[in-house]
Amino acid sequence: MDTIARAVIALALFVLSANALAIDFTPHGTQPGLAWALEDPQSCMACHRGFSGNSPQFMPHSTWGGSMMANAARDPLFWAALDVANKDFPGAGDFCLRCHTPPGWMNGRVVKAIGGGSSGPGGASGCQLTGDFNDDDNKGNDYAGVTCHFCHRMMPTGPGGQAGMIGNANIWIDNATSCTTPDGSVYGGPCRRGPYTYANGMLEAPHGWVKSAYHEDSTLCGSCHDVTTPDTDVGPLKTLVLEGGVTTTRPMPIERTYSEWNSSLFSDAIYRDGLGEGASGTPAIARAQQCQSCHMRSSVDATAKACNQNPDGSRTGNLPVHEFAGANTWIPAIIKAEYANSVTGFGREADYDRTIASAQAMLAAAAQVQASILSYTAPTAGSAGSISVRVKVTNLSGHKLPTGYSEGRRMWLNVKALSATNAVVGESAAYDPLTAELTLDGQAKVYETLQGIWTPGSPGECKIEDAGKAQFHFVLNNCIRKDNRIPPLGFHPASASDPNADEMRPVGYTYAETSAGSGTLVNYDTSDYVFTLPAGTARPIQVKAELKFQVSSKEYIEFLRDQAITAPIIPAENTLCAAGPNRPFDVGPQSVSRGEYMFQLWTNPTYGKSPPETAGSVSSITSPN
């Protein structure tokens, strides 16, 4: 396609986006036009980043720097999905960008301009953002993601006493032009809010601050980590359709990480450990576990401190590191190489290595895998044998396993029967790293949620495929075809506001109640496997069970690419954003669409096609000889 044709298509997309402004996708919470603009993370770096020794292991800026929070607007997977959202419902990108680039959105560079009107052509596609993917985090770079100043200005209620809200980034931001600290000192700009009171002047911050209990509470995380269909000024974009085509007025639930935690035992005043009892066999009682307890672990480094002006060791065991550990190891590795390298980027490679390591540690602690032999018939030289095993996966996390963004994300059990010579004689859910294909044999267990579009007729269905290919239409989905993700401990999906548990119950799968009529589901799943053992198989037989996690399936990546080349075609990024600042970019998609760029990254051998990570323990059992 020639440049003129691409430009025409880009213009058409801009017009559609402008027409969509009749709908306000983001009417709630603080709006663009801050009295005091969000400051760049670079302004926090001098004091809160480590520059030598072990300090980068715990300093706030150093641990934030490689996290997906800091890179929410650099994530190439996000940009490919954003284009699909805008294609499916022009203008919907405003809803997505509010979470992924708070500086760009709050400072009037997405859709809503400060003072009213539109930010300019392609705002919902991110085309009016300032900076670039490989810029550092000063100079007004909107690609700096979820920034320090944004989080530390968040408030539990609005300036007029408006109630706080959960989900969809409906956030209240402190917009004062001055801050009075507890000792009466007055500083310019809004207060930095955090969970500490500094009685010792030696540790007191040299800027405006106030203690905020909100910042040690999970409701702050719930501001973004529950996602519902856009709650527009004219009502929800999509409402949930239940199995059988039963319509509701309930807004479509897309992600429910916060609500999953809130409906678990971890959110209670007391909780038991993930296995239900302590090492001694008695309940292990502890304080309620907030999101921050796991995802912002406290540093035990002997020299831990929050600020370079503080003495070493002043915050040992009392410094929540800002790594925001999750499960994504693939995208941080891509951003590290593409944008954060020391040659053409901002040179923060070590930050991404820490993020990847923390994600792997988080996954390792997320589950327990146990296997046991149910029956065994030994193979002989002249006859086949068989082995039957049961695999139990216990969710040790504080939310469903897996949780979060559903498109392409999945876990599965890989179970192998191995001979005494280590030859594979039976396998379920085999994965080929060269093709990224997961074999869905009759015994395969894949943990995932599949959302789709309700298609009426006879029979009606929650449609998740088109012409045999998986479909992922984030903003158009209005039904749940499958949700067999493992519940957290003490999970009770029904609530006063959702008595039928329509938003969080399993779909197409059943988890038993911990006791009849309790409404609380068990936090484990069991799967039985039978493998035929060929005659002559060397004994004893070993059975190995591993829980695998993958950020993006092959089907999802191919969908993003195909959407870019299916009419109406999504232009190359520099064409799509030709009217934006600093264009053309010389990194990122450039002359290809964002969907095609993501596909190129996926096929690049360096990045391994979203290689699966092992989650939890690996169980291995050996048969009698």
# chains A, B, ... in the order shown; residues from 1 in each chain; ligands from 1

$ select_by_dssp --residues "region 169-396 of chain A" --states "strand (DSSP E or B)" --output "mmCIF file with C-alpha atoms, in the first residue's frame"
data_model
loop_
_atom_site.group_PDB
_atom_site.id
_atom_site.type_symbol
_atom_site.label_atom_id
_atom_site.label_comp_id
_atom_site.auth_asym_id
_atom_site.auth_seq_id
_atom_site.Cartn_x
_atom_site.Cartn_y
_atom_site.Cartn_z
ATOM 1 C CA TRP A 172 -8.833 11.280 42.585
ATOM 2 C CA ILE A 173 -5.565 13.239 42.430
ATOM 3 C CA SER A 178 0.666 23.949 48.214
ATOM 4 C CA CYS A 179 1.284 21.395 50.947
ATOM 5 C CA THR A 180 1.422 21.917 54.678
ATOM 6 C CA VAL A 186 4.546 24.906 53.700
ATOM 7 C CA TYR A 187 5.843 23.742 50.316
ATOM 8 C CA GLY A 188 4.804 24.575 46.775
ATOM 9 C CA ARG A 192 3.511 13.578 48.395
ATOM 10 C CA ARG A 193 1.385 10.956 50.088
ATOM 11 C CA GLY A 194 2.752 7.754 51.587
ATOM 12 C CA TRP A 209 4.430 15.234 52.561
ATOM 13 C CA VAL A 210 1.555 13.841 54.599
ATOM 14 C CA LYS A 211 0.856 10.370 55.936
ATOM 15 C CA ASP A 226 -10.336 -4.017 38.464
ATOM 16 C CA VAL A 227 -11.339 -3.328 34.876
ATOM 17 C CA THR A 228 -14.915 -3.111 33.668
ATOM 18 C CA ASP A 231 -18.298 3.398 32.225
ATOM 19 C CA THR A 232 -19.186 6.177 29.823
ATOM 20 C CA GLY A 235 -23.800 4.197 30.777
ATOM 21 C CA PRO A 236 -21.748 1.006 30.388
ATOM 22 C CA THR A 239 -23.469 -5.310 29.697
ATOM 23 C CA LEU A 240 -22.907 -8.913 30.752
ATOM 24 C CA VAL A 241 -24.797 -11.727 29.033
ATOM 25 C CA THR A 247 -29.200 -10.612 29.677
ATOM 26 C CA THR A 248 -28.269 -8.462 32.659
ATOM 27 C CA THR A 249 -27.783 -4.778 33.302
ATOM 28 C CA ARG A 250 -24.441 -5.503 34.970
ATOM 29 C CA PRO A 251 -21.447 -3.847 33.258
ATOM 30 C CA PRO A 253 -16.415 -7.473 34.059
ATOM 31 C CA ILE A 254 -13.098 -7.648 32.190
ATOM 32 C CA GLU A 255 -10.514 -8.018 34.973
ATOM 33 C CA ARG A 256 -11.210 -8.593 38.661
ATOM 34 C CA ILE A 270 -6.993 -12.716 59.881
ATOM 35 C CA TYR A 271 -6.017 -15.281 57.337
ATOM 36 C CA ALA A 286 -1.623 -13.292 60.700
ATOM 37 C CA ARG A 287 -2.654 -9.790 59.732
ATOM 38 C CA SER A 298 9.969 -5.077 52.315
ATOM 39 C CA PRO A 320 8.456 -1.628 50.578
ATOM 40 C CA ALA A 367 1.292 -22.412 43.630
ATOM 41 C CA GLN A 368 2.074 -25.847 44.949
ATOM 42 C CA VAL A 369 1.984 -28.840 42.610
ATOM 43 C CA GLN A 370 1.576 -32.331 44.055
ATOM 44 C CA ALA A 371 1.319 -35.647 42.191
ATOM 45 C CA SER A 372 0.341 -39.096 43.393
ATOM 46 C CA ILE A 373 0.023 -42.491 41.723
ATOM 47 C CA LEU A 374 -3.500 -43.898 41.608
ATOM 48 C CA SER A 375 -2.708 -47.164 39.851
ATOM 49 C CA TYR A 376 0.207 -48.797 38.076
ATOM 50 C CA THR A 377 0.649 -51.786 35.797
ATOM 51 C CA GLY A 385 1.547 -51.285 31.037
ATOM 52 C CA SER A 386 -0.163 -48.173 32.325
ATOM 53 C CA ILE A 387 0.120 -45.591 35.026
ATOM 54 C CA SER A 388 -2.646 -43.425 36.431
ATOM 55 C CA VAL A 389 -1.766 -40.295 38.394
ATOM 56 C CA ARG A 390 -3.544 -37.438 40.108
ATOM 57 C CA VAL A 391 -2.099 -33.929 40.056
ATOM 58 C CA LYS A 392 -3.227 -31.327 42.569
ATOM 59 C CA VAL A 393 -2.522 -27.621 42.075
ATOM 60 C CA THR A 394 -3.019 -25.379 45.108
ATOM 61 C CA ASN A 395 -3.280 -21.634 44.592
#

$ residues_around --residues "Glu546 (chain A)" --least-positions-apart "2" --cutoff "12 Å" --atoms "only C-alpha atoms" --output "PyMOL selection string"
chain A and resi 364+367-371+391-393+411-416+427-431+445+543-544+548-549+612-620

$ residues_around --residues "Pro379 (chain A)" --least-positions-apart "5" --cutoff "10 Å" --atoms "only C-alpha atoms" --output "list of chain:residue names"
A:Ala384, A:Gly385, A:Ser386, A:Ile387, A:Thr532, A:Leu533, A:Pro534, A:Ala535, A:Gly536, A:Thr537, A:Ala538, A:Arg539, A:Pro540, A:Ile541, A:Asn625

$ write_last_selection --atoms "C-alpha atoms" --output "mmCIF file, in the first residue's frame"
data_model
loop_
_atom_site.group_PDB
_atom_site.id
_atom_site.type_symbol
_atom_site.label_atom_id
_atom_site.label_comp_id
_atom_site.auth_asym_id
_atom_site.auth_seq_id
_atom_site.Cartn_x
_atom_site.Cartn_y
_atom_site.Cartn_z
ATOM 1 C CA ALA A 384 2.201 -52.707 27.628
ATOM 2 C CA GLY A 385 1.547 -51.285 31.037
ATOM 3 C CA SER A 386 -0.163 -48.173 32.325
ATOM 4 C CA ILE A 387 0.120 -45.591 35.026
ATOM 5 C CA THR A 532 -0.128 -46.172 28.403
ATOM 6 C CA LEU A 533 3.404 -47.479 28.807
ATOM 7 C CA PRO A 534 4.715 -49.276 25.678
ATOM 8 C CA ALA A 535 5.983 -52.809 25.988
ATOM 9 C CA GLY A 536 9.655 -52.890 26.844
ATOM 10 C CA THR A 537 9.672 -49.474 28.586
ATOM 11 C CA ALA A 538 12.602 -49.339 30.980
ATOM 12 C CA ARG A 539 11.440 -49.218 34.615
ATOM 13 C CA PRO A 540 10.846 -47.580 37.054
ATOM 14 C CA ILE A 541 8.571 -44.928 35.585
ATOM 15 C CA ASN A 625 9.841 -51.064 39.808
#

$ closest_atom_pairs --of "region 12-123 of chain A" --to "region 579-601 of chain A" --cutoff "10 Å" --atoms "only C-alpha atoms" --output "JSON lines"
{"residue": "A:Arg74", "atom": "CA", "partner": "A:Gly588", "partner_atom": "CA", "distance": 9.2}
{"residue": "A:Asp75", "atom": "CA", "partner": "A:Met598", "partner_atom": "CA", "distance": 9.7}
{"residue": "A:Pro76", "atom": "CA", "partner": "A:Met598", "partner_atom": "CA", "distance": 6.1}
{"residue": "A:Leu77", "atom": "CA", "partner": "A:Met598", "partner_atom": "CA", "distance": 6.2}
{"residue": "A:Phe78", "atom": "CA", "partner": "A:Arg594", "partner_atom": "CA", "distance": 9.2}
{"residue": "A:Trp79", "atom": "CA", "partner": "A:Arg594", "partner_atom": "CA", "distance": 6.2}
{"residue": "A:Ala80", "atom": "CA", "partner": "A:Gly595", "partner_atom": "CA", "distance": 4.6}
{"residue": "A:Ala81", "atom": "CA", "partner": "A:Gly595", "partner_atom": "CA", "distance": 7.6}
{"residue": "A:Leu82", "atom": "CA", "partner": "A:Arg594", "partner_atom": "CA", "distance": 9.0}
{"residue": "A:Asp83", "atom": "CA", "partner": "A:Arg594", "partner_atom": "CA", "distance": 7.5}
{"residue": "A:Val84", "atom": "CA", "partner": "A:Gly595", "partner_atom": "CA", "distance": 8.6}
{"residue": "A:Gly120", "atom": "CA", "partner": "A:Gly580", "partner_atom": "CA", "distance": 8.1}
{"residue": "A:Pro121", "atom": "CA", "partner": "A:Ala579", "partner_atom": "CA", "distance": 6.7}
{"residue": "A:Gly122", "atom": "CA", "partner": "A:Gly580", "partner_atom": "CA", "distance": 7.8}
{"residue": "A:Gly123", "atom": "CA", "partner": "A:Gly580", "partner_atom": "CA", "distance": 8.7}

$ select_by_dssp --residues "region 308-391 of chain A" --states "alpha helix (DSSP H)" --output "list in words"
Trp330, Ile331, Pro332, Ala333, Ile334, Ile335, Lys336, Ala337, Glu338, Glu349, Ala350, Asp351, Tyr352, Asp353, Arg354, Thr355, Ile356, Ala357, Ser358, Ala359, Gln360, Ala361, Met362, Leu363 and Ala364 of chain A

$ residues_around --residues "Gly313 (chain A)" --least-positions-apart "3" --cutoff "6 Å" --atoms "only C-alpha atoms" --output "PyMOL selection string"
chain A and resi 302-305+316

$ residues_around --residues "Met202 (chain A)" --least-positions-apart "3" --cutoff "9 Å" --atoms "only C-alpha atoms" --output "list in words"
Tyr198, Ala199, Ala205, Gln309, Asn310 and Pro311 of chain A

$ write_last_selection --atoms "N, CA and C atoms" --output "compact mmCIF listing (two decimals), in the first residue's frame"
# COMPACT_ATOMS: atom_id res chain seq x y z
N TYR A 198 7.09 10.81 59.68
CA TYR A 198 8.52 10.95 59.96
C TYR A 198 8.70 11.78 61.23
N ALA A 199 8.89 11.08 62.34
CA ALA A 199 9.11 11.77 63.61
C ALA A 199 10.55 12.24 63.72
N ALA A 205 11.29 14.09 54.68
CA ALA A 205 11.51 14.45 53.28
C ALA A 205 11.69 15.95 53.12
N GLN A 309 19.71 10.76 51.05
CA GLN A 309 20.07 11.67 52.14
C GLN A 309 19.91 11.02 53.51
N ASN A 310 19.33 9.80 53.54
CA ASN A 310 19.12 9.10 54.79
C ASN A 310 20.31 8.17 55.09
N PRO A 311 20.53 7.85 56.33
CA PRO A 311 21.64 6.94 56.67
C PRO A 311 21.35 5.51 56.24

$ residues_around --residues "Phe491 (chain A)" --least-positions-apart "5" --cutoff "9 Å" --atoms "only C-alpha atoms" --output "PyMOL selection string"
chain A and resi 260-265+399-400+519-523

$ write_last_selection --atoms "C-alpha atoms" --output "PDB file, in the first residue's frame"
ATOM      1  CA  GLU A 260     -10.756 -11.587  43.691  1.00  0.00           C
ATOM      2  CA  TRP A 261      -8.466 -10.576  46.542  1.00  0.00           C
ATOM      3  CA  ASN A 262     -11.281  -8.747  48.330  1.00  0.00           C
ATOM      4  CA  SER A 263     -13.415 -11.908  48.187  1.00  0.00           C
ATOM      5  CA  SER A 264     -10.651 -14.102  49.577  1.00  0.00           C
ATOM      6  CA  LEU A 265      -9.478 -14.896  53.078  1.00  0.00           C
ATOM      7  CA  HIS A 399      -6.293 -13.856  43.732  1.00  0.00           C
ATOM      8  CA  LYS A 400      -7.260 -16.258  40.981  1.00  0.00           C
ATOM      9  CA  GLY A 519     -20.455 -20.358  49.322  1.00  0.00           C
ATOM     10  CA  THR A 520     -16.681 -20.493  49.799  1.00  0.00           C
ATOM     11  CA  LEU A 521     -14.739 -22.403  47.154  1.00  0.00           C
ATOM     12  CA  VAL A 522     -11.659 -24.550  47.604  1.00  0.00           C
ATOM     13  CA  ASN A 523      -8.345 -23.074  46.453  1.00  0.00           C
TER      14      ASN A 523
END

$ residues_around --residues "Cys47 (chain A)" --least-positions-apart "3" --cutoff "12 Å" --atoms "only C-alpha atoms" --output "PDB file with C-alpha atoms, in the first residue's frame"
ATOM      1  CA  PRO A  41      10.055  10.634  37.556  1.00  0.00           C
ATOM      2  CA  GLN A  42      13.461  12.118  36.845  1.00  0.00           C
ATOM      3  CA  SER A  43      12.749  14.767  39.472  1.00  0.00           C
ATOM      4  CA  CYS A  44      12.579  11.963  42.061  1.00  0.00           C
ATOM      5  CA  GLY A  50      20.683   4.009  43.952  1.00  0.00           C
ATOM      6  CA  PHE A  51      23.836   4.703  42.009  1.00  0.00           C
ATOM      7  CA  SER A  55      21.453   0.187  46.816  1.00  0.00           C
ATOM      8  CA  MET A  59      15.871   2.059  46.177  1.00  0.00           C
ATOM      9  CA  PRO A  60      12.388   3.137  44.998  1.00  0.00           C
ATOM     10  CA  HIS A  61      13.330   4.549  41.584  1.00  0.00           C
ATOM     11  CA  SER A  62      15.709   1.670  40.840  1.00  0.00           C
ATOM     12  CA  ALA A 205      11.509  14.451  53.276  1.00  0.00           C
ATOM     13  CA  PRO A 206      12.753  17.805  51.914  1.00  0.00           C
ATOM     14  CA  HIS A 207       9.425  18.300  50.118  1.00  0.00           C
ATOM     15  CA  LYS A 305      17.098   3.347  52.906  1.00  0.00           C
ATOM     16  CA  ALA A 306      14.442   5.236  50.966  1.00  0.00           C
ATOM     17  CA  CYS A 307      16.478   8.330  50.136  1.00  0.00           C
ATOM     18  CA  ASN A 308      20.141   8.974  49.468  1.00  0.00           C
ATOM     19  CA  GLN A 309      20.071  11.673  52.144  1.00  0.00           C
ATOM     20  CA  ASN A 310      19.125   9.097  54.792  1.00  0.00           C
TER      21      ASN A 310
END

$ closest_residue --among "A:Ala163, A:Cys294, A:Ala350, A:Leu319" --to "Pro56 (chain A)" --atoms "only C-alpha atoms"
A:Ala350

$ closest_residue --among "A:Ala337, A:Val246, A:Ala512, A:Val446" --to "Gly490 (chain A)" --atoms "only C-alpha atoms"
A:Ala512
